[in-house]
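Novice: Below is the file coords.pdb, with PDB, C-alpha atoms.
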```pdb
MODEL        1
ATOM      1  CA  MET A  73      79.552  84.268 116.442
ATOM      2  CA  ILE A  74      81.169  81.868 113.994
ATOM      3  CA  PHE A  75      82.470  84.696 111.805
ATOM      4  CA  SER A  76      83.786  86.563 114.837
ATOM      5  CA  THR A  77      85.677  83.491 116.051
ATOM      6  CA  LEU A  78      87.067  82.812 112.576
ATOM      7  CA  GLU A  79      88.164  86.422 112.256
ATOM      8  CA  HIS A  80      89.907  86.238 115.638
ATOM      9  CA  ILE A  81      91.747  83.039 114.636
ATOM     10  CA  LEU A  82      92.862  84.377 111.245
ATOM     11  CA  THR A  83      94.089  87.617 112.827
ATOM     12  CA  HIS A  84      96.364  85.829 115.298
ATOM     13  CA  ILE A  85      97.580  83.270 112.742
ATOM     14  CA  SER A  86      98.592  85.955 110.261
ATOM     15  CA  PHE A  87     100.267  88.062 112.958
ATOM     16  CA  SER A  88     102.211  85.022 114.251
ATOM     17  CA  ILE A  89     103.400  84.084 110.768
ATOM     18  CA  VAL A  90     104.533  87.634 110.003
ATOM     19  CA  SER A  91     106.454  87.695 113.323
ATOM     20  CA  ILE A  92     108.262  84.496 112.344
ATOM     21  CA  VAL A  93     109.027  85.925 108.892
ATOM     22  CA  ILE A  94     110.551  89.058 110.431
ATOM     23  CA  THR A  95     112.734  86.920 112.702
ATOM     24  CA  ILE A  96     113.959  84.936 109.697
ATOM     25  CA  HIS A  97     114.747  88.135 107.809
ATOM     26  CA  LEU A  98     116.765  89.443 110.761
ATOM     27  CA  ILE A  99     118.734  86.186 110.927
ATOM     28  CA  THR A 100     119.532  86.242 107.210
ATOM     29  CA  PHE A 101     120.333  89.965 107.344
ATOM     30  CA  LEU A 102     122.657  89.866 110.356
ATOM     31  CA  GLY A 103     124.258  86.528 109.501
ATOM     32  CA  ASP A 104     124.915  84.461 106.423
ATOM     33  CA  GLU A 105     121.930  83.980 104.161
ATOM     34  CA  ILE A 106     120.456  80.494 104.533
ATOM     35  CA  VAL A 107     118.538  79.424 101.436
ATOM     36  CA  LYS A 108     116.027  77.245 103.279
ATOM     37  CA  LEU A 109     115.252  79.979 105.799
ATOM     38  CA  TYR A 110     114.806  82.531 103.044
ATOM     39  CA  ASP A 111     112.447  80.216 101.127
ATOM     40  CA  SER A 112     110.455  79.679 104.307
ATOM     41  CA  SER A 113     110.097  83.421 104.843
ATOM     42  CA  GLU A 114     108.861  83.867 101.272
ATOM     43  CA  LYS A 115     106.243  81.173 101.756
ATOM     44  CA  GLY A 116     105.327  82.722 105.100
ATOM     45  CA  ILE A 117     104.461  86.035 103.465
ATOM     46  CA  ILE A 118     102.252  84.210 100.962
ATOM     47  CA  VAL A 119     100.458  82.344 103.762
ATOM     48  CA  THR A 120     100.021  85.638 105.607
ATOM     49  CA  PHE A 121      98.515  87.191 102.498
ATOM     50  CA  PHE A 122      95.882  84.449 102.265
ATOM     51  CA  CYS A 123      95.146  84.643 106.012
ATOM     52  CA  ILE A 124      94.539  88.390 105.852
ATOM     53  CA  THR A 125      92.486  87.871 102.691
ATOM     54  CA  GLY A 126      90.352  85.363 104.585
ATOM     55  CA  LEU A 127      90.040  87.817 107.468
ATOM     56  CA  LEU A 128      88.814  90.598 105.153
ATOM     57  CA  VAL A 129      86.373  88.287 103.372
ATOM     58  CA  THR A 130      85.024  87.001 106.703
ATOM     59  CA  ARG A 131      84.528  90.548 107.979
ATOM     60  CA  TRP A 132      82.896  91.496 104.668
ATOM     61  CA  ILE A 133      80.382  88.665 104.918
ATOM     62  CA  SER A 134      79.606  89.236 108.595
ATOM     63  CA  SER A 135      79.160  93.021 108.273
ATOM     64  CA  GLY A 136      77.514  93.107 104.871
ATOM     65  CA  HIS A 137      79.848  95.799 103.536
ATOM     66  CA  PHE A 138      83.426  95.993 102.298
ATOM     67  CA  PRO A 139      85.709  96.258 105.371
ATOM     68  CA  LEU A 140      87.102  99.772 104.846
ATOM     69  CA  SER A 141      84.812 101.812 107.076
ATOM     70  CA  ASP A 142      87.128 102.649 109.989
ATOM     71  CA  LEU A 143      90.771 102.880 111.064
ATOM     72  CA  TYR A 144      91.029  99.243 112.177
ATOM     73  CA  GLU A 145      89.773  97.883 108.867
ATOM     74  CA  SER A 146      91.973 100.245 106.869
ATOM     75  CA  LEU A 147      95.033  99.090 108.845
ATOM     76  CA  ILE A 148      94.209  95.453 108.121
ATOM     77  CA  PHE A 149      93.783  96.317 104.440
ATOM     78  CA  LEU A 150      97.077  98.239 104.544
ATOM     79  CA  SER A 151      98.807  95.145 105.926
ATOM     80  CA  TRP A 152      97.177  93.092 103.152
ATOM     81  CA  SER A 153      98.469  95.625 100.608
ATOM     82  CA  PHE A 154     102.046  95.282 101.875
ATOM     83  CA  SER A 155     101.772  91.503 101.459
ATOM     84  CA  LEU A 156     100.332  91.937  97.965
ATOM     85  CA  ILE A 157     103.185  94.229  96.929
ATOM     86  CA  HIS A 158     105.591  91.555  98.155
ATOM     87  CA  ILE A 159     103.906  88.771  96.178
ATOM     88  CA  ILE A 160     103.742  90.648  92.833
ATOM     89  CA  PRO A 161     107.546  90.565  92.188
ATOM     90  CA  TYR A 162     107.869  87.136  93.881
ATOM     91  CA  PHE A 163     109.258  85.439  90.782
ATOM     92  CA  LYS A 164     111.733  88.205  89.997
ATOM     93  CA  LYS A 165     115.332  88.295  91.115
ATOM     94  CA  ASN A 166     116.659  90.512  93.903
ATOM     95  CA  VAL A 167     113.261  90.530  95.616
ATOM     96  CA  LEU A 168     115.014  90.277  98.998
ATOM     97  CA  ILE A 169     115.445  94.071  99.001
ATOM     98  CA  LEU A 170     111.714  94.654  98.695
ATOM     99  CA  SER A 171     110.811  91.906 101.166
ATOM    100  CA  LYS A 172     112.877  93.574 103.890
ATOM    101  CA  ILE A 173     110.557  96.571 103.535
ATOM    102  CA  THR A 174     107.181  94.866 103.073
ATOM    103  CA  GLY A 175     107.696  92.359 105.904
ATOM    104  CA  PRO A 176     108.353  94.849 108.729
ATOM    105  CA  SER A 177     105.685  97.163 107.311
ATOM    106  CA  ALA A 178     103.087  94.381 107.423
ATOM    107  CA  ILE A 179     103.876  93.386 111.017
ATOM    108  CA  PHE A 180     103.877  97.039 112.164
ATOM    109  CA  THR A 181     100.471  97.842 110.724
ATOM    110  CA  GLN A 182      98.895  94.562 111.749
ATOM    111  CA  GLY A 183     100.441  94.716 115.208
ATOM    112  CA  PHE A 184      99.052  98.194 115.755
ATOM    113  CA  ALA A 185      95.625  97.176 114.419
ATOM    114  CA  THR A 186      95.385  94.205 116.780
ATOM    115  CA  SER A 187      96.696  96.127 119.788
ATOM    116  CA  GLY A 188      94.549  97.286 122.693
ATOM    117  CA  ILE A 189      94.468 100.872 121.369
ATOM    118  CA  LEU A 190      91.885 100.001 118.729
ATOM    119  CA  THR A 191      89.980  97.348 120.668
ATOM    120  CA  GLU A 192      86.765  99.381 120.669
ATOM    121  CA  ILE A 193      86.458  99.381 116.876
ATOM    122  CA  HIS A 194      87.428  95.750 116.248
ATOM    123  CA  GLN A 195      83.726  94.901 115.980
ATOM    124  CA  SER A 196      82.178  95.940 112.706
ATOM    125  CA  GLY A 197      79.184  98.283 112.916
ATOM    126  CA  ILE A 198      76.629  99.862 110.646
ATOM    127  CA  LEU A 199      78.019 102.150 107.972
ATOM    128  CA  VAL A 200      77.511 105.863 108.447
ATOM    129  CA  PRO A 201      75.261 107.376 105.716
ATOM    130  CA  ALA A 202      78.210 109.035 103.963
ATOM    131  CA  LEU A 203      79.860 105.634 103.394
ATOM    132  CA  GLN A 204      76.798 103.856 102.055
ATOM    133  CA  SER A 205      77.892 104.148  98.454
ATOM    134  CA  GLU A 206      79.336 101.987  95.673
ATOM    135  CA  TRP A 207      82.307 104.371  95.597
ATOM    136  CA  LEU A 208      83.544 103.045  98.960
ATOM    137  CA  ILE A 209      85.448 100.117  97.469
ATOM    138  CA  MET A 210      86.877 102.123  94.576
ATOM    139  CA  HIS A 211      88.016 105.198  96.499
ATOM    140  CA  VAL A 212      89.286 103.783  99.782
ATOM    141  CA  SER A 213      90.940 100.679  98.314
ATOM    142  CA  MET A 214      92.855 102.786  95.771
ATOM    143  CA  MET A 215      93.966 105.213  98.481
ATOM    144  CA  ILE A 216      95.198 102.455 100.809
ATOM    145  CA  LEU A 217      96.977 100.613  97.986
ATOM    146  CA  GLY A 218      98.563 103.929  97.032
ATOM    147  CA  TYR A 219      99.697 104.591 100.597
ATOM    148  CA  ALA A 220     101.195 101.086 100.863
ATOM    149  CA  ALA A 221     103.138 101.332  97.607
ATOM    150  CA  LEU A 222     104.341 104.885  98.319
ATOM    151  CA  LEU A 223     105.466 103.915 101.837
ATOM    152  CA  CYS A 224     107.436 100.930 100.521
ATOM    153  CA  GLY A 225     109.030 102.997  97.757
ATOM    154  CA  SER A 226     109.868 105.809 100.168
ATOM    155  CA  LEU A 227     111.522 103.410 102.601
ATOM    156  CA  LEU A 228     113.661 102.086  99.758
ATOM    157  CA  SER A 229     114.682 105.684  99.072
ATOM    158  CA  VAL A 230     115.546 106.177 102.747
ATOM    159  CA  ALA A 231     117.726 103.059 102.593
ATOM    160  CA  LEU A 232     119.394 104.459  99.464
ATOM    161  CA  LEU A 233     120.218 107.709 101.267
ATOM    162  CA  VAL A 234     121.653 105.861 104.280
ATOM    163  CA  ILE A 235     123.900 103.660 102.133
ATOM    164  CA  THR A 236     124.987 106.590  99.968
ATOM    165  CA  PHE A 237     125.845 108.705 103.016
ATOM    166  CA  ARG A 238     127.801 105.887 104.650
ATOM    167  CA  LYS A 239     129.561 105.126 101.377
ATOM    168  CA  ASN A 240     130.698 108.721 100.899
ATOM    169  CA  ARG A 241     131.811 109.036 104.516
ATOM    170  CA  LYS A 242     133.770 105.777 104.487
ATOM    171  CA  LEU A 243     135.345 106.613 101.152
ATOM    172  CA  PHE A 244     136.552 109.904 102.623
ATOM    173  CA  TYR A 245     138.083 108.254 105.699
ATOM    174  CA  LYS A 246     139.538 105.347 103.756
ATOM    175  CA  SER A 247     141.039 107.594 101.095
ATOM    176  CA  ASN A 248     142.836 109.606 103.790
ATOM    177  CA  GLY A 249     143.991 106.444 105.519
ATOM    178  CA  PHE A 250     145.056 104.950 102.206
ATOM    179  CA  LEU A 251     147.201 107.981 101.381
ATOM    180  CA  ASN A 252     148.903 107.802 104.761
ATOM    181  CA  GLU A 253     149.495 104.073 104.603
ATOM    182  CA  SER A 254     150.785 104.164 101.032
ATOM    183  CA  PHE A 255     154.046 105.735 102.271
ATOM    184  CA  PHE A 256     154.684 102.723 104.528
ATOM    185  CA  LEU A 257     153.038  99.673 102.906
ATOM    186  CA  GLY A 258     154.588  99.838  99.459
ATOM    187  CA  GLU A 259     153.561  96.584  97.727
ATOM    188  CA  ASN A 260     150.262  96.360  99.678
ATOM    189  CA  VAL A 261     148.903  99.446  97.948
ATOM    190  CA  PHE A 262     147.520  97.503  94.995
ATOM    191  CA  GLU A 263     145.861  94.912  97.266
ATOM    192  CA  ASN A 264     144.076  97.644  99.215
ATOM    193  CA  THR A 265     142.980  99.298  95.973
ATOM    194  CA  SER A 266     141.395  96.089  94.645
ATOM    195  CA  PHE A 267     139.641  95.472  97.978
ATOM    196  CA  PHE A 268     138.133  98.960  98.030
ATOM    197  CA  SER A 269     137.099  98.679  94.367
ATOM    198  CA  ALA A 270     135.240  95.394  94.905
ATOM    199  CA  LYS A 271     133.430  96.727  97.966
ATOM    200  CA  ASN A 272     132.486  99.963  96.222
ATOM    201  CA  TYR A 273     131.201  98.014  93.223
ATOM    202  CA  TYR A 274     128.899  95.960  95.457
ATOM    203  CA  ARG A 275     127.546  99.087  97.128
ATOM    204  CA  SER A 276     127.020 100.791  93.786
ATOM    205  CA  GLN A 277     125.032  97.793  92.563
ATOM    206  CA  LEU A 278     122.944  97.847  95.736
ATOM    207  CA  ILE A 279     122.244 101.568  95.335
ATOM    208  CA  GLN A 280     121.159 101.004  91.735
ATOM    209  CA  GLN A 281     118.781  98.227  92.801
ATOM    210  CA  LEU A 282     117.275 100.394  95.528
ATOM    211  CA  ASP A 283     116.825 103.247  93.070
ATOM    212  CA  TYR A 284     115.288 100.879  90.495
ATOM    213  CA  TRP A 285     112.717  99.377  92.877
ATOM    214  CA  SER A 286     111.972 102.674  94.593
ATOM    215  CA  TYR A 287     111.081 104.375  91.335
ATOM    216  CA  ARG A 288     108.832 101.563  90.120
ATOM    217  CA  VAL A 289     107.011 101.036  93.406
ATOM    218  CA  ILE A 290     106.447 104.777  93.857
ATOM    219  CA  SER A 291     105.174 105.045  90.254
ATOM    220  CA  LEU A 292     102.673 102.284  91.019
ATOM    221  CA  GLY A 293     101.607 103.978  94.249
ATOM    222  CA  PHE A 294     101.269 107.356  92.541
ATOM    223  CA  THR A 295      98.910 105.798  89.984
ATOM    224  CA  PHE A 296      96.754 104.295  92.747
ATOM    225  CA  LEU A 297      96.771 107.598  94.653
ATOM    226  CA  THR A 298      95.682 109.545  91.574
ATOM    227  CA  ILE A 299      92.808 107.143  90.899
ATOM    228  CA  GLY A 300      91.813 107.309  94.570
ATOM    229  CA  ILE A 301      91.748 111.117  94.650
ATOM    230  CA  LEU A 302      89.758 111.367  91.411
ATOM    231  CA  SER A 303      87.212 108.735  92.496
ATOM    232  CA  GLY A 304      86.937 110.473  95.865
ATOM    233  CA  ALA A 305      86.184 113.776  94.142
ATOM    234  CA  VAL A 306      83.374 112.178  92.129
ATOM    235  CA  TRP A 307      82.018 110.531  95.299
ATOM    236  CA  ALA A 308      82.187 113.840  97.195
ATOM    237  CA  ASN A 309      80.180 115.542  94.469
ATOM    238  CA  GLU A 310      77.463 112.902  94.761
ATOM    239  CA  ALA A 311      77.417 112.940  98.568
ATOM    240  CA  TRP A 312      78.045 116.601  99.419
ATOM    241  CA  GLY A 313      77.445 118.442  96.134
ATOM    242  CA  SER A 314      81.063 119.562  95.685
ATOM    243  CA  TYR A 315      84.097 117.894  94.121
ATOM    244  CA  TRP A 316      86.525 119.450  96.605
ATOM    245  CA  ASN A 317      85.904 120.825 100.109
ATOM    246  CA  TRP A 318      89.461 121.388 101.384
ATOM    247  CA  ASP A 319      88.823 118.927 104.188
ATOM    248  CA  PRO A 320      92.021 118.213 106.228
ATOM    249  CA  LYS A 321      92.235 114.714 104.757
ATOM    250  CA  GLU A 322      91.705 116.012 101.224
ATOM    251  CA  THR A 323      94.272 118.757 101.706
ATOM    252  CA  TRP A 324      96.995 116.418 102.959
ATOM    253  CA  ALA A 325      96.181 113.860 100.255
ATOM    254  CA  PHE A 326      96.698 116.632  97.707
ATOM    255  CA  ILE A 327     100.001 117.617  99.377
ATOM    256  CA  THR A 328     101.077 113.958  99.218
ATOM    257  CA  TRP A 329     100.215 113.867  95.515
ATOM    258  CA  ILE A 330     102.223 117.062  94.872
ATOM    259  CA  VAL A 331     105.314 115.732  96.695
ATOM    260  CA  PHE A 332     105.431 112.498  94.721
ATOM    261  CA  ALA A 333     104.636 114.331  91.489
ATOM    262  CA  ILE A 334     107.789 116.359  92.179
ATOM    263  CA  TYR A 335     109.666 113.090  92.801
ATOM    264  CA  LEU A 336     108.567 111.670  89.451
ATOM    265  CA  HIS A 337     109.479 114.964  87.768
ATOM    266  CA  THR A 338     113.008 114.826  89.206
ATOM    267  CA  ARG A 339     113.363 111.357  87.719
ATOM    268  CA  THR A 340     113.078 112.846  84.221
ATOM    269  CA  ASN A 341     116.374 114.668  84.820
ATOM    270  CA  ARG A 342     119.279 112.225  84.820
ATOM    271  CA  ASN A 343     121.359 114.506  87.042
ATOM    272  CA  LEU A 344     118.677 114.521  89.758
ATOM    273  CA  ARG A 345     118.233 110.758  89.982
ATOM    274  CA  GLY A 346     119.575 108.723  92.881
ATOM    275  CA  ALA A 347     120.157 110.597  96.123
ATOM    276  CA  ASN A 348     118.469 113.837  95.004
ATOM    277  CA  SER A 349     115.160 112.223  94.102
ATOM    278  CA  ALA A 350     115.443 109.952  97.157
ATOM    279  CA  ILE A 351     115.404 113.042  99.395
ATOM    280  CA  VAL A 352     112.035 114.052  97.923
ATOM    281  CA  ALA A 353     110.670 110.527  98.444
ATOM    282  CA  SER A 354     111.894 110.544 102.052
ATOM    283  CA  ILE A 355     109.968 113.770 102.668
ATOM    284  CA  GLY A 356     106.952 112.084 101.104
ATOM    285  CA  PHE A 357     107.261 109.254 103.631
ATOM    286  CA  LEU A 358     106.601 111.694 106.475
ATOM    287  CA  ILE A 359     103.793 113.414 104.548
ATOM    288  CA  ILE A 360     101.971 110.101 104.057
ATOM    289  CA  TRP A 361     101.955 109.360 107.791
ATOM    290  CA  ILE A 362     100.649 112.863 108.494
ATOM    291  CA  CYS A 363      97.895 112.312 105.940
ATOM    292  CA  TYR A 364      97.007 108.813 107.157
ATOM    293  CA  PHE A 365      97.468 109.081 110.946
ATOM    294  CA  GLY A 366      98.104 112.708 111.807
ATOM    295  CA  VAL A 367      94.792 113.946 110.424
ATOM    296  CA  ASN A 368      92.980 111.113 112.217
ATOM    297  CA  LEU A 369      94.348 112.367 115.529
ATOM    298  CA  LEU A 370      92.340 115.549 115.053
ATOM    299  CA  GLY A 371      89.067 113.671 114.585
ATOM    300  CA  ILE A 372      87.544 116.573 112.648
ATOM    301  CA  GLY A 373      86.354 117.133 109.108
ATOM    302  CA  LEU A 374      84.328 115.106 106.654
ATOM    303  CA  HIS A 375      86.597 112.066 107.170
ATOM    304  CA  SER A 376      86.273 111.971 110.976
ATOM    305  CA  TYR A 377      84.767 108.449 110.859
ATOM    306  CA  GLY A 378      88.296 107.184 110.232
ATOM    307  CA  SER A 379      89.681 108.737 113.434
ATOM    308  CA  PHE A 380      90.944 107.091 116.613
ATOM    309  CA  PRO A 381      88.544 105.947 119.351
ATOM    310  CA  SER A 382      87.315 108.669 121.694
ATOM    311  CA  THR A 383      88.967 107.015 124.686
ATOM    312  CA  PHE A 384      92.321 107.287 122.972
ATOM    313  CA  ASN A 385      91.770 110.947 122.199
TER     314      ASN A 385
ENDMDL
END
```
Rewrite the coordinates I just gave you, this time as structure tokens.

Specialist:
Amino acid sequence: MIFSTLEHILTHISFSIVSIVITIHLITFLGDEIVKLYDSSEKGIIVTFFCITGLLVTRWISSGHFPLSDLYESLIFLSWSFSLIHIIPYFKKNVLILSKITGPSAIFTQGFATSGILTEIHQSGILVPALQSEWLIMHVSMMILGYAALLCGSLLSVALLVITFRKNRKLFYKSNGFLNESFFLGENVFENTSFFSAKNYYRSQLIQQLDYWSYRVISLGFTFLTIGILSGAVWANEAWGSYWNWDPKETWAFITWIVFAIYLHTRTNRNLRGANSAIVASIGFLIIWICYFGVNLLGIGLHSYGSFPSTFN
């Protein structure tokens, strides 16, 4: 009873703090950046991280097993992973770009986990026989950390594509307008040129930062995903006598691995970096959600214990 109450309190505290952090980010994004507000949002993410950590530890103690046995627990761990990814580069510069991805991602996953859709599986139960193994922590934690990092990196790539597309479109319109106005403005031509150059320089720097962080976060996520798939294969051999069974979850995890392997391969070619590799990462963003949620909608296969409640189906 005590652990259940503590878990309930920590869940709502962490969700409330993340909501406040998102509001602060929207204020600083839409308006002028206020240093005190930004510092408060950074501290809020750290507090949220410790609240979710306390929630996971409390659930671990009360259930007697690591809290990664169902969809609700994996969503909470996914939210914790987003917070962890935010904290790692906390002392680096230009972390605001990454925080705008990790913050909304954390509130989305935690909001969905604490919603009424998953109310039936909020209470921890006895592990199914297939999950009663030491490989549970290794395999599932690596997979969730991989999903979190790949989702954050993919969203950075999506942002890169949006800014690049808008930049190219505006440059096209402005270049046409500039040519037309140059016949009438005369001495203002050089002023317009300097204005466009400064704005384009800022956007180019932003695109480079997005590309930089996207590549590094995706590389980290790909490493976690690889370790998760390999540990899962060893676990499957111990539990079912086969390293690979072409289960729907296994198949889509393998597809996810292939997509991001292609992304990393494109990064080796300098001509394919930037927007070209970002397109591959954006495709990977959709593949991850199919692997994580789409397969769970089916509720079939060897990983059916991670599916949605029967009432939702």

Novice: Could you state which residues are captured by the PyMOL selection byres ((chain A and resi 275-292) around 7) in this file, as a PDB file with C-alpha atoms, keeping the file's coordinate frame?

Specialist:
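Output file result39.pdb follows:
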```pdb
ATOM      1  CA  ALA A 221     103.138 101.332  97.607  1.00  0.00           C
ATOM      2  CA  LEU A 222     104.341 104.885  98.319  1.00  0.00           C
ATOM      3  CA  GLY A 225     109.030 102.997  97.757  1.00  0.00           C
ATOM      4  CA  SER A 226     109.868 105.809 100.168  1.00  0.00           C
ATOM      5  CA  LEU A 228     113.661 102.086  99.758  1.00  0.00           C
ATOM      6  CA  SER A 229     114.682 105.684  99.072  1.00  0.00           C
ATOM      7  CA  LEU A 232     119.394 104.459  99.464  1.00  0.00           C
ATOM      8  CA  LYS A 271     133.430  96.727  97.966  1.00  0.00           C
ATOM      9  CA  ASN A 272     132.486  99.963  96.222  1.00  0.00           C
ATOM     10  CA  TYR A 273     131.201  98.014  93.223  1.00  0.00           C
ATOM     11  CA  TYR A 274     128.899  95.960  95.457  1.00  0.00           C
ATOM     12  CA  GLY A 293     101.607 103.978  94.249  1.00  0.00           C
ATOM     13  CA  PHE A 294     101.269 107.356  92.541  1.00  0.00           C
ATOM     14  CA  THR A 295      98.910 105.798  89.984  1.00  0.00           C
ATOM     15  CA  PHE A 296      96.754 104.295  92.747  1.00  0.00           C
ATOM     16  CA  GLY A 346     119.575 108.723  92.881  1.00  0.00           C
TER      17      GLY A 346
END
```

Novice: Which residue is closest to Lys172 in chain A? Choose from A:Phe154, A:Trp207, A:Phe184, A:Trp329 and count all atoms listed in the file.

Specialist: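 Distance minimum relative to Lys172 in chain A lands on A:Phe154.
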
Novice: Could you work out how far CA of Ser177 in chain A lies from CA of Thr236 in chain A, giving the answer in Å with one decimal?

Specialist: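 Between CA of Thr236 in chain A and CA of Ser177 in chain A the gap works out to 22.7 Å.
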
Novice: Restricting the calculation to all atoms listed in the file, which member of A:Ala347, A:Trp132, A:Ile330, A:Glu322 is positioned closest to Ile235 in chain A?

Specialist: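 Using all atoms listed in the file, the shortest distance to Ile235 in chain A belongs to A:Ala347.
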
Novice: Got a sec: who's within 6 Å of range 79-89 of chain A, counting all atoms listed in the file, leaving out chain neighbours fewer than 2 positions off, as a list in words?

Specialist: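 Selected residues are Phe75, Ser76, Thr77, Ser91, Ile92, Thr120, Cys123 and Leu127 of chain A.
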
Novice: Considering all atoms listed in the file, return as an MDAnalysis selection string whatever protein or nucleic-acid residues lie within 7 Å of range 155-157 of chain A, sequence-local ones (same chain, fewer than 6 positions apart) excluded.

Specialist: chainID A and resid 117 121 174 178

Novice: Please, could you write that set of residues out with C-alpha atoms as a JSON list (two decimals), in the coordinates of the input?

Specialist:
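File produced: result.json:
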```json
[["chain", "number", "residue", "atom", "x", "y", "z"],
["A", 117, "ILE", "CA", 104.46, 86.04, 103.46],
["A", 121, "PHE", "CA", 98.52, 87.19, 102.50],
["A", 174, "THR", "CA", 107.18, 94.87, 103.07],
["A", 178, "ALA", "CA", 103.09, 94.38, 107.42]]
```

Novice: Could you tell me which of A:Ala350, A:Leu98, A:Ile362, A:Ile301 comes closest to Pro176 in chain A if we count all atoms listed in the file?

Specialist: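 Checking each candidate against Pro176 in chain A, we get A:Leu98 as the closest.
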
Novice: Pull out every residue that the PyMOL selection byres ((chain A and resi 208) around 9) matches in the shown coordinates and put them as number ranges by chain.

Specialist: A: 138, 140-141, 203-207, 209-213, 304, 307

Novice: Put a box with edges along x, y and z around all the listed atoms of range 343-348 of chain A, pad it by 8 Å on each side, then give me its centre and sizes in Å, one decimal, as lines of an AutoDock Vina configuration file.

Specialist:
```
center_x = 119.8
center_y = 111.6
center_z = 91.6
size_x = 19.1
size_y = 21.8
size_z = 25.1
```

Novice: Around (85.3, 118.1, 97.8) in the file's frame, which residues reach within 12 Å when counting all atoms listed in the file? Return as a ChimeraX atom specification?

Specialist: /A:301-323,325-326,373-375

Novice: I'd like the interatomic distance between CA of Gly300 in chain A and CA of Met215 in chain A, to a tenth of an Å.

Specialist: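 Going from CA of Gly300 in chain A over to CA of Met215 in chain A, I get 4.9 Å.
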
Novice: Grab the CA of Leu227 in chain A to CA of Glu145 in chain A distance for me, in Å with one decimal place.

Specialist: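 If I compute the distance from CA of Leu227 in chain A to CA of Glu145 in chain A, I get 23.3 Å.
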
Novice: For Ala220 in chain A, which of A:Leu297, A:Ile96, A:Ile359, A:Ile327 is the closest residue, counting all atoms listed in the file?

Specialist: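 The answer is A:Leu297, which sits nearest to Ala220 in chain A.
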
Novice: Go through A:Val234, A:Ile118, A:Val90, A:Tyr144 one by one, measure the shortest atom-to-atom distance of each to Ile179 in chain A using all atoms listed in the file, and give the residue with the smallest value.

Specialist: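 When distances to Ile179 in chain A are compared using all atoms listed in the file, the smallest one comes from A:Val90.
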